[in-house]
Amino acid sequence: MAGSALRRLMAEYKQLTLNPPEGIIAGPINEENFFEWEALITGPEGTCFEGGIFTAKLIFPPDYPLSPPKMQFTCEMFHPNIYADGRVCISILHAPGDDPMGYESSAERWSPVQSVEKILLSVVSMLAEPNDESGANVDAAKMWREDRSEFERIAQKLVRKTLGIP
Amino acid sequence: MREAGIMLISTALTCVVIGNAYYQRKQFYPTVVHITKSNPSMTVIYAQGFILAFMINAFLRKIFFGTLRAAELEHLVEKVWYAVTETCLAFTVFRDDFSPKFIALFTLLLFLKSFHWLAEDRVDYMERSPVITWLFHLRVATLLGLLFGINLTMIHYAYNTTATKGPSVQLVFGFEYAILLTVVFNITVKYVLHTIDLQSENPWDNKPVFLLYTELIIGLLKVILYVAFVTLMIKLFTLPLFALRPMYYTMRDFKKAFHDIVMSRRAIRNMNTLYPDATTEELAAADNVCIICREEMVAASKKLPCNHIFHTACLRSWFQRQQTCPTCRLNILRPTPNNAPPRQQNPPQPGPQAPPQPPQAPGGNPPIVPLPPIPVPPPNLTELSEEELRAMEGTLRQAVQARIQTLQRIQLLLDAANAMMNQYQTVAVTANIPVQNSSTSNIDNTLDTSTMAEPTASSTAHASAGITDENSQVKVENIPTPSTSKENTFPSTSKEDGSTFNEFIDLSDLSRTETESSNEQEMLRRRRLQKFSPPPATE
Ligand SMILES: [Zn+2]
Ligand SMILES: [Zn+2]
């Protein structure tokens with residue numbers, strides 16, 4: 001019997017393919033291995049990331065959905081909640097108790113109720129509204145607070161980069 | 001390609017060194033002596049040895065693991081760094097033992113360790129891979145057997161050396177191989193469990209339990225080994241700094257495994273004994289889908305105190321991680337379900353509020369709902385002792401509990417008042433006394449009061465509405481003096497009573513707005529999210 005993690009991932013993949021949320025595409029990189037996914041996220045409208053197509057990969061643990069997956073952008077990113085190496089730091093990707101950034105509430109934490117779709121939607125909303133209290137990228141957080149126009153300039157540059165426009 | 005180049009160069013160099021020596025000495029033994037006496041030649045020979053060892057390692061890895069996945073390679077590199085730095089620390093303790101033999105032994109240990117890590121990753125991967133080939137089984141089984149044999153041999157060797165020559169660096173090697181032996185044991189258990197799981201048609205519910213217990217036992221073994229090793233090292237040499245980091249992690253893991261087992265056992269016992277199996281109707285009402293595995297629930301489902309339903313098996317594995325409801329995060333070990341009637345814990349006390357007599361209507365037998373006992377009113381704040389007041393502030397658990405308790409009392413009081421009002425109105429109606437009509441909606445509240453299931457929203461809403469609504473104003477003001485109403489009229493109360501009561505209303509009103517505002521935030525967030533997506537179909 002294939003593991004329950006595999007079956008749930010297959011179910012989520014099917015759901016995402018049949019009923020894709022707007023602006024998000026996600027699926028296994030290779031159908032032999034359902035535990036490594038690739039996601040394409042379009043930058044939310046009306047934000048400095050608008051128009052960009054950002055690539056990310058999701059790595060699922062063998063005990064998914066009991067433990068959260070890890071998410072990492074594979075394109076260049078500059079954002080208060082994304083580490084320099086692309087790892088995403090939002091509360092939905094952490095179990096309660098595991099506290100890299102000292103979030104207060106556990107309401108938004110990982111639990112089996114969450115899903116790939118919810119993670120990606122949270123990431124979209126994170127792109128739209130950074131949480132500058134979590135310092136995954138301290139420089140970006142500082143710039144977001146103090147020099148918004150420069151932040152937007154950098155974001156726009158990244159957007160062009162993702163589209164292959166120099 | 002680059003590796004082949006390095007290999008070629010080093011082989012060529014070795015050939016040159018050996019050829020040169022042989023050309024000078026012409027015979028075997030003098031050649032050997034010549035090479036060992038010359039430092040540059042020895043360097044070349046050592047380098048050759050290293051490269052050869054790496055080649056053999058790469059070759060064996062290819063045989064046993066094929067191509068490594070990116071994640072495996074990442075783990076490997078990360079762990080090698082730690083292993084190398086820790087061994088460099090170990091060098092400092094055993095400066096005197098430093099020799100080519102030591103380096104060779106260390107390299108061998110490192111290679112063996114890397115095989116253990118890779119084997120562990122591979123076996124973990126079994127759970128994710130849809131197809132497990134015979135080649136996989138062959139490779140893993142052979143490798144585990146080999147590693148087991150090598151570890152035993154090395155431990156034996158280390159033991160013999162220490163026994164005959166006294167404590168030396170072999171102590172460290174012996175210990176390292178003992179730890180590796182526990183790792184092999186752990187991997188083997190996992191491998192066997194996964195294999196059994198793969199053979200069966202149905203998901204194997206008990207596998208996570210076995211895994212958890214294996215982790216506990218292995219953790220205990222490792223802790224014992226580390227403690228013994230560190231004590232021995234302190235006695236014989238000095239504090240082994242290089243062992244502290246792994247020792248710390250081992251102890252932490254063991255503590256976590258122990259904690260997990262205790263908590264999950266408790267949660268699972270609660271689940272089996274306290275929580276009912278979900279009925280067919282409840283299943284249908286809950287969309288029939290278990291939110292943990294996203295599969296249909298046909299049988300073997302449990303209902304938690306918060307009314308959320310899941311597969312029993314899914315819940316069991318979730319409780320091994322966390323002892324909360326996956327949906328609403330209600331703590332299963334300390335459930336504070338809002339439908340447990342607190343009034344039973346607070347028996348009515350004799351006081352200024354004597355239990356009111358059900359009002360007797362002069363002209364008939366109105367349907368009288370039995371009144372709930374009068375709850376204890378919230379304490380008068382001026383009468384509270386300093387300590388009790390202290391207990392209400394702050395964010396500590398105790399303080400919050402005290403506040404919640406007071407709010408609950410207010411809640412109860414409101415409900416009781418509501419129920420009483422209904423009684424009076426019923427009586428008044430049957431007695432043909434004209435009353436402004438707000439009774440129909442209140443009857444619903446009476447029902448609520450008797451169950452206490454979800455009274456908060458409705459009754460407080462009523463109470464707060466009463467502040468603005470004139471009709472209900474009468475009602476609200478009457479509440480605190482039920483005993484005066486025997487004459488079937490609605491006497492207005494004294495000013496004090498009315499005002500204190502309004503204060504309480506404000507309080508409960510406040511708490512309501514608080515929850516409401518967080519709800520609003522949540523709604524806002526949802527809406528924001530929905531901007532980017534159509535609402536999900538199944539939820
Ligand atoms: Zn389930
Ligand atoms: Zn719940």
# chains A, B, ... in the order shown; residues from 1 in each chain; ligands from 1
$ interface_residues --of "chain A" --to "chain B" --cutoff "7 Å" --atoms "only C-alpha atoms" --output "VMD selection string"
chain A and resid 1 to 4 6 8 21 to 23 33 35 62 65 to 66 111 to 113 121 125
$ residues_around --residues "Thr74 in chain A" --least-positions-apart "4" --cutoff "9 Å" --atoms "only C-alpha atoms" --output "ChimeraX atom specification"
/A:54-57,85-87
$ closest_atom_pairs --of "chain B" --to "ligand 2" --cutoff "12 Å" --atoms "only C-alpha atoms and all ligand atoms" --output "JSON lines"
{"residue": "B:Ile291", "atom": "CA", "partner": "ligand 2", "partner_atom_place_in_ligand_line": "1 (Zn)", "distance": 11.1}
{"residue": "B:Lys302", "atom": "CA", "partner": "ligand 2", "partner_atom_place_in_ligand_line": "1 (Zn)", "distance": 11.4}
{"residue": "B:Lys303", "atom": "CA", "partner": "ligand 2", "partner_atom_place_in_ligand_line": "1 (Zn)", "distance": 8.9}
{"residue": "B:Leu304", "atom": "CA", "partner": "ligand 2", "partner_atom_place_in_ligand_line": "1 (Zn)", "distance": 6.5}
{"residue": "B:Pro305", "atom": "CA", "partner": "ligand 2", "partner_atom_place_in_ligand_line": "1 (Zn)", "distance": 7.3}
{"residue": "B:Cys306", "atom": "CA", "partner": "ligand 2", "partner_atom_place_in_ligand_line": "1 (Zn)", "distance": 4.5}
{"residue": "B:Asn307", "atom": "CA", "partner": "ligand 2", "partner_atom_place_in_ligand_line": "1 (Zn)", "distance": 6.2}
{"residue": "B:His308", "atom": "CA", "partner": "ligand 2", "partner_atom_place_in_ligand_line": "1 (Zn)", "distance": 4.7}
{"residue": "B:Ile309", "atom": "CA", "partner": "ligand 2", "partner_atom_place_in_ligand_line": "1 (Zn)", "distance": 7.9}
{"residue": "B:Phe310", "atom": "CA", "partner": "ligand 2", "partner_atom_place_in_ligand_line": "1 (Zn)", "distance": 9.7}
{"residue": "B:Leu315", "atom": "CA", "partner": "ligand 2", "partner_atom_place_in_ligand_line": "1 (Zn)", "distance": 11.6}
{"residue": "B:Gln323", "atom": "CA", "partner": "ligand 2", "partner_atom_place_in_ligand_line": "1 (Zn)", "distance": 11.3}
{"residue": "B:Thr324", "atom": "CA", "partner": "ligand 2", "partner_atom_place_in_ligand_line": "1 (Zn)", "distance": 7.9}
{"residue": "B:Cys325", "atom": "CA", "partner": "ligand 2", "partner_atom_place_in_ligand_line": "1 (Zn)", "distance": 4.6}
{"residue": "B:Pro326", "atom": "CA", "partner": "ligand 2", "partner_atom_place_in_ligand_line": "1 (Zn)", "distance": 6.5}
{"residue": "B:Thr327", "atom": "CA", "partner": "ligand 2", "partner_atom_place_in_ligand_line": "1 (Zn)", "distance": 4.9}
{"residue": "B:Cys328", "atom": "CA", "partner": "ligand 2", "partner_atom_place_in_ligand_line": "1 (Zn)", "distance": 4.1}
{"residue": "B:Arg329", "atom": "CA", "partner": "ligand 2", "partner_atom_place_in_ligand_line": "1 (Zn)", "distance": 6.0}
{"residue": "B:Leu330", "atom": "CA", "partner": "ligand 2", "partner_atom_place_in_ligand_line": "1 (Zn)", "distance": 5.7}
{"residue": "B:Asn331", "atom": "CA", "partner": "ligand 2", "partner_atom_place_in_ligand_line": "1 (Zn)", "distance": 8.9}
{"residue": "B:Ile332", "atom": "CA", "partner": "ligand 2", "partner_atom_place_in_ligand_line": "1 (Zn)", "distance": 9.3}
{"residue": "B:Pro335", "atom": "CA", "partner": "ligand 2", "partner_atom_place_in_ligand_line": "1 (Zn)", "distance": 10.5}
{"residue": "B:Thr336", "atom": "CA", "partner": "ligand 2", "partner_atom_place_in_ligand_line": "1 (Zn)", "distance": 11.7}
{"residue": "B:Pro337", "atom": "CA", "partner": "ligand 2", "partner_atom_place_in_ligand_line": "1 (Zn)", "distance": 10.1}
{"residue": "B:Asn338", "atom": "CA", "partner": "ligand 2", "partner_atom_place_in_ligand_line": "1 (Zn)", "distance": 11.9}
$ atom_distance --atom1 "CA of Ile150 in chain B" --atom2 "CA of Leu220 in chain B"
23.0 Å
$ residues_around --residues "range 137-153 of chain A" --least-positions-apart "4" --cutoff "12 Å" --atoms "only C-alpha atoms" --output "number ranges by chain"
A: 46-50, 77-89, 101, 127-133, 157-160
$ residues_around --residues "Lys256 in chain B" --least-positions-apart "5" --cutoff "12 Å" --atoms "only C-alpha atoms" --output "JSON, numbers by chain"
{"B": [212, 213, 215, 216, 219, 220, 249, 250, 251, 261, 262, 263, 264, 320, 321, 322]}
$ residues_around --residues "Ile218 in chain B" --least-positions-apart "5" --cutoff "10 Å" --atoms "only C-alpha atoms" --output "ChimeraX atom specification"
/B:179,182-183,185-186,213,223-224,250,254
